[in-house]
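Engineer: Pasting data-v5.csv below, which is CSV, C-alpha atoms and all ligand atoms.
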```
chain,number,residue,atom,x,y,z
A,195,MET,CA,0.0,0.0,0.0
A,196,ILE,CA,1.3,3.5,-0.9
A,197,LEU,CA,1.8,5.8,2.1
A,198,MET,CA,3.0,9.4,2.3
A,199,LYS,CA,6.5,8.1,3.0
A,200,ASP,CA,6.5,6.6,-0.5
A,201,ILE,CA,5.7,9.8,-2.3
A,202,THR,CA,8.7,11.5,-3.9
A,203,ARG,CA,9.0,15.2,-3.0
A,204,ASP,CA,10.1,18.2,-5.1
A,205,GLY,CA,13.9,18.1,-5.4
A,206,ASP,CA,14.0,14.4,-6.3
A,207,PRO,CA,15.3,14.3,-9.9
A,208,VAL,CA,12.7,11.7,-10.8
A,209,LEU,CA,10.1,14.5,-10.8
A,210,ARG,CA,11.9,16.4,-13.4
A,211,LYS,CA,12.5,13.5,-15.9
A,212,GLU,CA,10.7,12.7,-19.1
A,213,ALA,CA,9.1,9.3,-18.1
A,214,ALA,CA,9.5,6.2,-20.3
A,215,LYS,CA,6.6,4.9,-22.4
A,216,VAL,CA,5.0,1.8,-21.0
A,217,THR,CA,5.1,-1.4,-23.1
A,218,PHE,CA,2.4,-4.0,-23.2
A,219,PRO,CA,1.6,-6.6,-22.0
A,220,LEU,CA,2.2,-4.9,-18.6
A,221,SER,CA,4.8,-6.5,-16.4
A,222,GLU,CA,3.7,-7.8,-13.0
A,223,GLU,CA,5.2,-4.8,-11.3
A,224,ASP,CA,3.5,-2.4,-13.6
A,225,GLN,CA,0.1,-4.1,-12.9
A,226,LYS,CA,0.8,-3.8,-9.2
A,227,LEU,CA,1.9,-0.2,-9.5
A,228,ALA,CA,-1.3,0.7,-11.3
A,229,ALA,CA,-3.4,-1.0,-8.7
A,230,ASP,CA,-1.5,0.6,-5.8
A,231,MET,CA,-1.8,4.1,-7.3
A,232,MET,CA,-5.6,3.8,-7.8
A,233,GLU,CA,-5.9,2.2,-4.3
A,234,TYR,CA,-4.1,5.3,-2.9
A,235,LEU,CA,-6.7,7.6,-4.4
A,236,GLU,CA,-9.6,5.4,-3.2
A,237,VAL,CA,-8.2,5.1,0.4
A,238,SER,CA,-7.3,8.8,0.5
A,239,GLN,CA,-10.8,9.9,-0.6
A,240,ASN,CA,-12.4,7.8,2.2
A,241,PRO,CA,-12.2,10.2,5.3
A,242,GLU,CA,-11.8,7.4,7.9
A,243,LEU,CA,-9.2,5.5,5.9
A,244,CYS,CA,-7.4,8.8,4.9
A,245,LYS,CA,-7.1,9.7,8.6
A,246,LYS,CA,-6.2,6.1,9.6
A,247,TYR,CA,-3.2,6.0,7.2
A,248,GLY,CA,-2.2,9.6,7.6
A,249,LEU,CA,-2.6,10.4,3.9
A,250,ARG,CA,-3.2,13.6,2.0
A,251,ALA,CA,-6.4,13.1,0.0
A,252,GLY,CA,-5.7,13.1,-3.7
A,253,VAL,CA,-7.6,13.0,-7.0
A,254,GLY,CA,-4.6,12.0,-9.1
A,255,LEU,CA,-1.3,10.3,-8.8
A,256,ALA,CA,1.5,9.8,-11.4
A,257,ALA,CA,4.1,7.1,-11.4
A,258,PRO,CA,7.0,9.5,-11.0
A,259,GLN,CA,5.5,10.5,-7.7
A,260,VAL,CA,6.2,7.0,-6.4
A,261,GLY,CA,9.7,7.0,-7.9
A,262,VAL,CA,8.8,5.2,-11.1
A,263,SER,CA,9.7,7.1,-14.3
A,264,GLU,CA,7.0,5.6,-16.5
A,265,MET,CA,4.1,7.0,-18.5
A,266,MET,CA,1.3,6.0,-16.1
A,267,ALA,CA,-1.1,7.9,-13.8
A,268,ALA,CA,-4.2,7.2,-11.8
A,269,VAL,CA,-7.1,9.7,-11.9
A,270,MET,CA,-10.2,9.6,-9.6
A,271,VAL,CA,-12.5,12.5,-9.9
A,272,PRO,CA,-14.3,12.8,-6.5
A,273,VAL,CA,-17.9,11.8,-6.5
A,274,GLU,CA,-20.4,14.7,-6.4
A,275,GLU,CA,-23.0,13.2,-4.1
A,276,GLU,CA,-22.5,10.8,-1.2
A,277,GLY,CA,-22.2,7.2,-2.4
A,278,GLY,CA,-22.2,8.3,-6.1
A,279,LYS,CA,-19.9,7.0,-8.8
A,280,SER,CA,-16.7,8.9,-9.7
A,281,PRO,CA,-17.3,10.8,-13.0
A,282,PHE,CA,-13.9,9.7,-14.2
A,283,LYS,CA,-11.8,7.0,-12.6
A,284,GLN,CA,-9.1,5.5,-14.7
A,285,VAL,CA,-5.4,4.5,-14.9
A,286,ILE,CA,-4.2,6.3,-18.0
A,287,VAL,CA,-1.1,4.8,-19.7
A,288,ASN,CA,0.9,6.6,-22.3
A,289,PRO,CA,-1.5,9.5,-22.3
A,290,VAL,CA,-1.4,12.2,-25.0
A,291,ILE,CA,-3.4,15.3,-25.3
A,292,ILE,CA,-4.2,15.2,-29.1
A,293,SER,CA,-6.3,18.4,-29.2
A,294,HIS,CA,-7.5,21.1,-26.8
A,295,SER,CA,-9.7,24.2,-26.6
A,296,VAL,CA,-8.2,27.6,-27.2
A,297,GLN,CA,-10.1,28.6,-24.1
A,298,ALA,CA,-8.1,28.3,-20.9
A,299,GLY,CA,-9.4,27.0,-17.5
A,300,ALA,CA,-8.0,27.2,-14.0
A,301,LEU,CA,-9.0,26.3,-10.5
A,302,THR,CA,-10.0,29.4,-8.5
A,303,GLU,CA,-8.1,27.9,-5.5
A,304,GLY,CA,-4.9,27.4,-7.5
A,305,GLU,CA,-3.3,24.0,-7.3
A,306,GLY,CA,-1.2,21.9,-5.0
A,307,CYS,CA,0.7,18.7,-5.4
A,308,LEU,CA,1.4,15.7,-3.1
A,309,SER,CA,5.0,16.0,-4.1
A,310,VAL,CA,5.2,19.7,-3.2
A,311,ASP,CA,5.1,20.3,0.6
A,312,THR,CA,4.8,24.0,0.3
A,313,GLU,CA,1.8,26.1,-0.8
A,314,VAL,CA,2.6,27.9,-4.0
A,315,PRO,CA,-0.1,30.6,-4.5
A,316,GLY,CA,-1.3,31.6,-7.9
A,317,TYR,CA,-3.5,30.5,-10.8
A,318,VAL,CA,-2.4,27.6,-12.9
A,319,PRO,CA,-3.7,28.3,-16.5
A,320,ARG,CA,-4.6,25.1,-18.4
A,321,HIS,CA,-6.7,24.1,-21.3
A,322,ASP,CA,-10.4,24.1,-20.4
A,323,ARG,CA,-11.2,21.2,-22.7
A,324,ILE,CA,-9.0,18.4,-24.0
A,325,THR,CA,-9.2,15.4,-26.2
A,326,LEU,CA,-7.1,12.7,-24.5
A,327,ARG,CA,-5.8,9.6,-26.1
A,328,TYR,CA,-4.5,6.9,-23.6
A,329,GLN,CA,-4.2,3.2,-23.2
A,330,ASP,CA,-5.9,1.2,-20.5
A,331,LEU,CA,-4.2,-1.6,-18.5
A,332,GLN,CA,-4.9,-4.1,-21.3
A,333,GLY,CA,-3.3,-1.8,-23.8
A,334,GLU,CA,-6.6,-0.8,-25.5
A,335,LEU,CA,-6.5,2.7,-27.0
A,336,HIS,CA,-9.1,5.2,-25.9
A,337,LYS,CA,-9.9,8.7,-27.1
A,338,ILE,CA,-12.1,10.8,-24.8
A,339,ARG,CA,-13.0,14.4,-24.4
A,340,LEU,CA,-12.8,16.0,-20.9
A,341,LYS,CA,-13.6,19.5,-19.7
A,342,ASN,CA,-13.2,21.5,-16.5
A,343,TYR,CA,-12.1,19.7,-13.3
A,344,PRO,CA,-11.4,16.2,-14.9
A,345,ALA,CA,-9.5,18.0,-17.7
A,346,ILE,CA,-7.4,20.0,-15.1
A,347,ILE,CA,-6.6,16.8,-13.2
A,348,CYS,CA,-5.5,14.9,-16.3
A,349,GLN,CA,-3.3,17.9,-17.4
A,350,HIS,CA,-1.7,18.0,-13.9
A,351,GLU,CA,-0.9,14.3,-14.1
A,352,ILE,CA,0.3,14.3,-17.7
A,353,ASP,CA,2.6,17.2,-16.7
A,354,HIS,CA,4.2,14.9,-14.1
A,355,LEU,CA,5.1,12.4,-16.9
A,356,HIS,CA,7.0,15.2,-18.6
A,357,GLY,CA,8.8,16.5,-15.5
A,358,ILE,CA,6.6,19.5,-15.2
A,359,LEU,CA,5.2,20.7,-11.8
A,360,PHE,CA,2.1,22.9,-11.4
A,361,TYR,CA,4.0,25.9,-10.2
A,362,ASP,CA,5.9,26.0,-13.5
A,363,HIS,CA,2.8,27.5,-15.0
A,364,ILE,CA,2.3,30.2,-12.4
A,365,ASN,CA,3.2,33.7,-13.5
A,366,LYS,CA,5.9,34.7,-11.1
A,367,ASP,CA,5.4,38.4,-11.5
A,368,ALA,CA,1.6,38.3,-11.2
A,369,PRO,CA,0.5,35.0,-9.9
A,370,PHE,CA,-3.1,35.9,-9.8
A,371,GLU,CA,-3.2,37.5,-13.1
A,372,ILE,CA,-5.1,35.4,-15.6
A,373,ASP,CA,-6.1,36.0,-19.2
A,374,ASP,CA,-9.7,37.1,-19.4
A,375,GLY,CA,-11.8,34.5,-21.1
A,376,THR,CA,-10.2,31.9,-18.8
A,377,ILE,CA,-12.9,29.8,-17.2
A,378,MET,CA,-12.3,29.7,-13.4
A,379,PHE,CA,-13.9,27.0,-11.3
A,380,ASP,CA,-13.8,25.4,-7.9
B,401,LIG,O1,-0.2,14.7,-9.2
B,401,LIG,C1,-1.1,14.5,-8.3
B,401,LIG,N1,-1.2,15.1,-7.2
B,401,LIG,O2,-0.1,15.9,-6.8
B,401,LIG,C2,-2.3,15.2,-6.3
B,401,LIG,C3,-3.1,16.5,-6.5
B,401,LIG,C4,-3.7,16.5,-7.9
B,401,LIG,C5,-4.7,17.7,-8.1
B,401,LIG,C6,-4.1,19.1,-7.8
B,401,LIG,C7,-4.8,20.0,-8.7
B,401,LIG,C8,-5.4,19.3,-9.9
B,401,LIG,C9,-5.1,17.8,-9.6
B,401,LIG,C10,-4.2,16.5,-5.4
B,401,LIG,O3,-5.1,15.7,-5.5
B,401,LIG,N2,-4.0,17.4,-4.4
B,401,LIG,N3,-3.0,18.3,-4.4
B,401,LIG,C11,-2.4,18.6,-3.1
B,401,LIG,C12,-3.3,18.6,-1.9
B,401,LIG,C13,-4.7,18.5,-2.3
B,401,LIG,C14,-5.0,17.4,-3.3
B,401,LIG,C15,-6.4,17.5,-3.8
B,401,LIG,O4,-6.7,18.3,-4.6
B,401,LIG,N4,-7.2,16.7,-3.1
B,401,LIG,C16,-8.6,16.6,-3.2
B,401,LIG,C17,-9.4,17.5,-3.9
B,401,LIG,C18,-10.7,17.3,-4.0
B,401,LIG,C19,-11.3,16.2,-3.4
B,401,LIG,C20,-10.4,15.3,-2.7
B,401,LIG,N5,-9.1,15.6,-2.6
B,402,NI,NI,1.0,16.4,-8.5
```
What would the structure in this file look like if it were written as structure tokens?

Structural biologist:
Amino acid sequence: MILMKDITRDGDPVLRKEAAKVTFPLSEEDQKLAADMMEYLEVSQNPELCKKYGLRAGVGLAAPQVGVSEMMAAVMVPVEEEGGKSPFKQVIVNPVIISHSVQAGALTEGEGCLSVDTEVPGYVPRHDRITLRYQDLQGELHKIRLKNYPAIICQHEIDHLHGILFYDHINKDAPFEIDDGTIMFD
């Protein structure tokens, strides 16, 4: 089970590397890695278990964040209503954003990262809508459209696979300046 001690922190070079493409069929360890990453998100989004294991609740986790420089990330968009189903819950392998909106989107609260222990204030401008191509754990290719929060999460995770951290996108001189036309959401 992945615990906070297993999460690599900013400063570890693995977070700044271009991750390697994953080959299929998945090795035993890649299958376990995928399961462990998704389990982390599930456990961390359960208030009792989150507290029990001392986790920071997360909606995404990329392999470099557990020290594995491979193109794999788990995404689990939180359920809206109690006991509902996650709108998007998927381990995405070799993900590529193949097209995106001109319109930008950003979280009004800014972003954080399980691998960054300090708060870095500021808006993180991203694409509001993306067309994402990825492979599932069986190697099947998928092409899906995402917008708003799910799109933001996937962009944050895909950045990790290219050695990019959220604060790389914050305007140092004017962290809360954002192009008008940017869709802001909670
Ligand atoms: O690469 C992946 N990461 O670094 C985990 C990040 C990923 C998200 C940050 C912004 C977009 C994707 C993450 O989830 N967080 N960032 C740090 C602490 C908070 C936490 C979070 O937003 N938690 C959350 C939110 C809603 C409901 C439940 N939990
Ligand atoms: Ni992160």

Engineer: Enumerate, in order of chain and increasing residue number, the residues of segment 307-342 of chain A with an atom no farther than 12 Å from segment 245-253 of chain A, each with its shortest atom pair and distance in Å to one decimal, counting only C-alpha atoms, as a Markdown table.

Structural biologist:
```
| residue | atom | partner | partner_atom | distance |
| --- | --- | --- | --- | --- |
| A:Cys307 | CA | A:Gly252 | CA | 8.7 |
| A:Leu308 | CA | A:Arg250 | CA | 7.2 |
| A:Ser309 | CA | A:Arg250 | CA | 10.5 |
| A:Val310 | CA | A:Arg250 | CA | 11.6 |
| A:Asp311 | CA | A:Arg250 | CA | 10.8 |
```

Engineer: Using all atoms listed in the file, what does the table of chain A residues within 10 Å of ligand LIG 401 (chain B) look like, with each row giving the shortest atom pair and its distance in Å to one decimal, sorted by chain and ascending number, as a tab-separated table?

Structural biologist:
```
residue	atom	partner	partner_atom	distance
A:Ile201	CA	B:LIG401	O2	9.5
A:Arg203	CA	B:LIG401	O2	9.9
A:Leu235	CA	B:LIG401	O3	8.3
A:Glu236	CA	B:LIG401	C20	9.9
A:Ser238	CA	B:LIG401	N5	7.7
A:Gln239	CA	B:LIG401	C20	5.8
A:Asn240	CA	B:LIG401	C20	9.2
A:Pro241	CA	B:LIG401	C20	9.7
A:Arg250	CA	B:LIG401	C12	6.3
A:Ala251	CA	B:LIG401	N5	4.5
A:Gly252	CA	B:LIG401	O3	3.2
A:Val253	CA	B:LIG401	O3	4.0
A:Gly254	CA	B:LIG401	C1	4.4
A:Leu255	CA	B:LIG401	C1	4.2
A:Ala256	CA	B:LIG401	O1	5.6
A:Ala257	CA	B:LIG401	O1	9.0
A:Pro258	CA	B:LIG401	O1	9.1
A:Gln259	CA	B:LIG401	O1	7.2
A:Ala267	CA	B:LIG401	O1	8.3
A:Ala268	CA	B:LIG401	C1	8.7
A:Val269	CA	B:LIG401	C1	8.5
A:Met270	CA	B:LIG401	O3	8.9
A:Val271	CA	B:LIG401	C19	7.6
A:Pro272	CA	B:LIG401	C19	5.5
A:Val273	CA	B:LIG401	C19	8.5
A:Glu274	CA	B:LIG401	C19	9.7
A:Ala300	CA	B:LIG401	C8	9.3
A:Leu301	CA	B:LIG401	C7	7.8
A:Glu303	CA	B:LIG401	C7	9.1
A:Gly304	CA	B:LIG401	C7	7.5
A:Glu305	CA	B:LIG401	C7	4.5
A:Gly306	CA	B:LIG401	C11	4.0
A:Cys307	CA	B:LIG401	O2	3.2
A:Leu308	CA	B:LIG401	O2	4.0
A:Ser309	CA	B:LIG401	O2	5.8
A:Val310	CA	B:LIG401	O2	7.4
A:Asp311	CA	B:LIG401	C11	8.5
A:Thr312	CA	B:LIG401	C11	9.6
A:Glu313	CA	B:LIG401	C11	8.9
A:Val318	CA	B:LIG401	C7	9.0
A:Tyr343	CA	B:LIG401	C8	7.5
A:Pro344	CA	B:LIG401	C9	8.4
A:Ala345	CA	B:LIG401	C8	8.9
A:Ile346	CA	B:LIG401	C8	5.6
A:Ile347	CA	B:LIG401	C9	4.0
A:Cys348	CA	B:LIG401	C9	7.3
A:Gln349	CA	B:LIG401	C8	7.9
A:His350	CA	B:LIG401	C9	5.5
A:Glu351	CA	B:LIG401	O1	5.0
A:Ile352	CA	B:LIG401	O1	8.5
A:Asp353	CA	B:LIG401	O1	8.4
A:His354	CA	B:LIG401	O1	6.6
A:Leu355	CA	B:LIG401	O1	9.6
A:Leu359	CA	B:LIG401	O1	8.5
A:Phe360	CA	B:LIG401	C7	8.0
A:Asp380	CA	B:LIG401	C18	9.5
```

Engineer: Tell me which of A:Met266, A:Val314, A:Leu326, A:Ile338 sits closest to Asn365 of chain A, counting all atoms listed in the file.

Structural biologist: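 Using all atoms listed in the file, Asn365 of chain A sits closest to A:Val314.
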
Engineer: For Met198 of chain A, which of A:Val285, A:Val296, A:Ala368, A:Cys244 is the closest residue, counting only C-alpha atoms?

Structural biologist: A:Cys244

Engineer: Pick the closest to Ala229 of chain A from A:Val290, A:Met265, A:Ile196, A:Ile377: which is it, counting all atoms listed in the file?

Structural biologist: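 Answer, going by the shortest atom-to-atom distance: A:Ile196.
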
Engineer: Suppose you want the space between atom CA of Ala213 of chain A and atom CA of Gly357 of chain A; what is it in Å?

Structural biologist: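 Separation between atom CA of Ala213 of chain A and atom CA of Gly357 of chain A: 7.7 Å.
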
Engineer: Would you please work out which residue, of A:Thr302, A:Ser263, A:Gln329, A:Thr202, is nearest to ligand NI 402 (chain B) when using all atoms listed in the file?

Structural biologist: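 Closest candidate: A:Thr202.
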
Engineer: Quick one: of A:Val216, A:Ile358, A:Ile364, A:Met378, who's nearest to ligand NI 402 (chain B), counting only C-alpha atoms and all ligand atoms?

Structural biologist: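 Closest candidate: A:Ile358.
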
Engineer: Could you state the separation of atom CA of Glu212 of chain A and atom CA of Met232 of chain A in Å, given to one decimal place?

Structural biologist: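 Rounded to one decimal, the two atoms are 21.7 Å apart.
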
Engineer: Pick the closest to ligand NI 402 (chain B) from A:His356, A:Ala214, A:Gln284, A:Gln297: which is it, counting all atoms listed in the file?

Structural biologist: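 Using all atoms listed in the file, the shortest distance to ligand NI 402 (chain B) belongs to A:His356.
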
Engineer: Between atom CA of Pro319 of chain A and atom CA of Ser293 of chain A, what is the distance, to one decimal in Å?

Structural biologist: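 About the pair atom CA of Pro319 of chain A and atom CA of Ser293 of chain A: they are 16.3 Å apart.
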
Engineer: Using only C-alpha atoms, determine which residues lie at most 9 Å from Pro219 of chain A, disregarding the query and same-chain residues fewer than 3 positions distant; provide the list as number ranges by chain.

Structural biologist: A: 331-333

Engineer: Find the spatial neighbours of Met195 of chain A, counting all atoms listed in the file, within a cut-off of 8 Å - ignore same-chain residues fewer than 5 positions away - and output them as a count of residues only.

Structural biologist: 3

Engineer: With N, CA, C and O atoms as the goal, would you fill in the gaps in segment 297-320 of chain A and present it as a CSV table (one decimal), in the frame of the given file?

Structural biologist:
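This went into result-v6.csv:
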```csv
chain,number,residue,atom,x,y,z
A,297,GLN,N,-9.7,28.1,-25.4
A,297,GLN,CA,-10.1,28.6,-24.1
A,297,GLN,C,-9.3,28.0,-22.9
A,297,GLN,O,-9.2,26.7,-22.9
A,298,ALA,N,-8.8,28.8,-22.0
A,298,ALA,CA,-8.1,28.3,-20.9
A,298,ALA,C,-9.1,28.1,-19.7
A,298,ALA,O,-10.2,28.6,-19.7
A,299,GLY,N,-8.6,27.2,-18.8
A,299,GLY,CA,-9.4,27.0,-17.5
A,299,GLY,C,-8.4,26.9,-16.4
A,299,GLY,O,-7.3,26.6,-16.6
A,300,ALA,N,-8.9,27.3,-15.2
A,300,ALA,CA,-8.0,27.2,-14.0
A,300,ALA,C,-8.9,27.1,-12.8
A,300,ALA,O,-10.0,27.5,-12.7
A,301,LEU,N,-8.3,26.5,-11.8
A,301,LEU,CA,-9.0,26.3,-10.5
A,301,LEU,C,-8.9,27.6,-9.7
A,301,LEU,O,-7.7,28.2,-9.6
A,302,THR,N,-10.0,28.1,-9.2
A,302,THR,CA,-10.0,29.4,-8.5
A,302,THR,C,-9.0,29.3,-7.2
A,302,THR,O,-8.5,30.3,-6.8
A,303,GLU,N,-8.9,28.1,-6.7
A,303,GLU,CA,-8.1,27.9,-5.5
A,303,GLU,C,-6.6,27.7,-5.8
A,303,GLU,O,-5.8,27.5,-5.0
A,304,GLY,N,-6.3,27.7,-7.1
A,304,GLY,CA,-4.9,27.4,-7.5
A,304,GLY,C,-4.7,25.9,-7.4
A,304,GLY,O,-5.7,25.2,-7.3
A,305,GLU,N,-3.5,25.4,-7.4
A,305,GLU,CA,-3.3,24.0,-7.3
A,305,GLU,C,-2.2,23.7,-6.2
A,305,GLU,O,-1.5,24.5,-5.7
A,306,GLY,N,-2.2,22.4,-5.9
A,306,GLY,CA,-1.2,21.9,-5.0
A,306,GLY,C,-0.7,20.6,-5.6
A,306,GLY,O,-1.1,20.3,-6.7
A,307,CYS,N,0.2,19.9,-4.9
A,307,CYS,CA,0.7,18.7,-5.4
A,307,CYS,C,1.2,17.8,-4.2
A,307,CYS,O,1.8,18.4,-3.3
A,308,LEU,N,0.9,16.5,-4.2
A,308,LEU,CA,1.4,15.7,-3.1
A,308,LEU,C,2.9,15.6,-3.0
A,308,LEU,O,3.4,15.3,-2.0
A,309,SER,N,3.5,16.0,-4.1
A,309,SER,CA,5.0,16.0,-4.1
A,309,SER,C,5.6,17.3,-3.8
A,309,SER,O,6.8,17.5,-3.8
A,310,VAL,N,4.7,18.3,-3.5
A,310,VAL,CA,5.2,19.7,-3.2
A,310,VAL,C,4.7,20.0,-1.8
A,310,VAL,O,3.5,20.2,-1.7
A,311,ASP,N,5.5,20.1,-0.8
A,311,ASP,CA,5.1,20.3,0.6
A,311,ASP,C,4.8,21.7,0.9
A,311,ASP,O,4.2,22.0,2.0
A,312,THR,N,5.1,22.6,0.0
A,312,THR,CA,4.8,24.0,0.3
A,312,THR,C,3.7,24.5,-0.5
A,312,THR,O,3.4,24.0,-1.6
A,313,GLU,N,2.9,25.5,0.0
A,313,GLU,CA,1.8,26.1,-0.8
A,313,GLU,C,2.5,27.0,-1.8
A,313,GLU,O,3.4,27.8,-1.4
A,314,VAL,N,2.1,27.0,-3.0
A,314,VAL,CA,2.6,27.9,-4.0
A,314,VAL,C,1.4,28.6,-4.6
A,314,VAL,O,0.6,28.1,-5.4
A,315,PRO,N,1.1,29.8,-4.1
A,315,PRO,CA,-0.1,30.6,-4.5
A,315,PRO,C,-0.1,31.0,-5.9
A,315,PRO,O,1.0,31.3,-6.4
A,316,GLY,N,-1.2,31.0,-6.5
A,316,GLY,CA,-1.3,31.6,-7.9
A,316,GLY,C,-2.2,30.7,-8.8
A,316,GLY,O,-2.4,29.5,-8.5
A,317,TYR,N,-2.7,31.3,-9.9
A,317,TYR,CA,-3.5,30.5,-10.8
A,317,TYR,C,-2.6,29.7,-11.7
A,317,TYR,O,-1.5,30.1,-12.1
A,318,VAL,N,-3.1,28.5,-12.0
A,318,VAL,CA,-2.4,27.6,-12.9
A,318,VAL,C,-3.2,27.5,-14.2
A,318,VAL,O,-4.2,26.7,-14.3
A,319,PRO,N,-2.9,28.3,-15.2
A,319,PRO,CA,-3.7,28.3,-16.5
A,319,PRO,C,-3.5,27.0,-17.3
A,319,PRO,O,-2.4,26.6,-17.5
A,320,ARG,N,-4.6,26.3,-17.6
A,320,ARG,CA,-4.6,25.1,-18.4
A,320,ARG,C,-5.6,25.2,-19.5
A,320,ARG,O,-6.3,26.2,-19.6
```
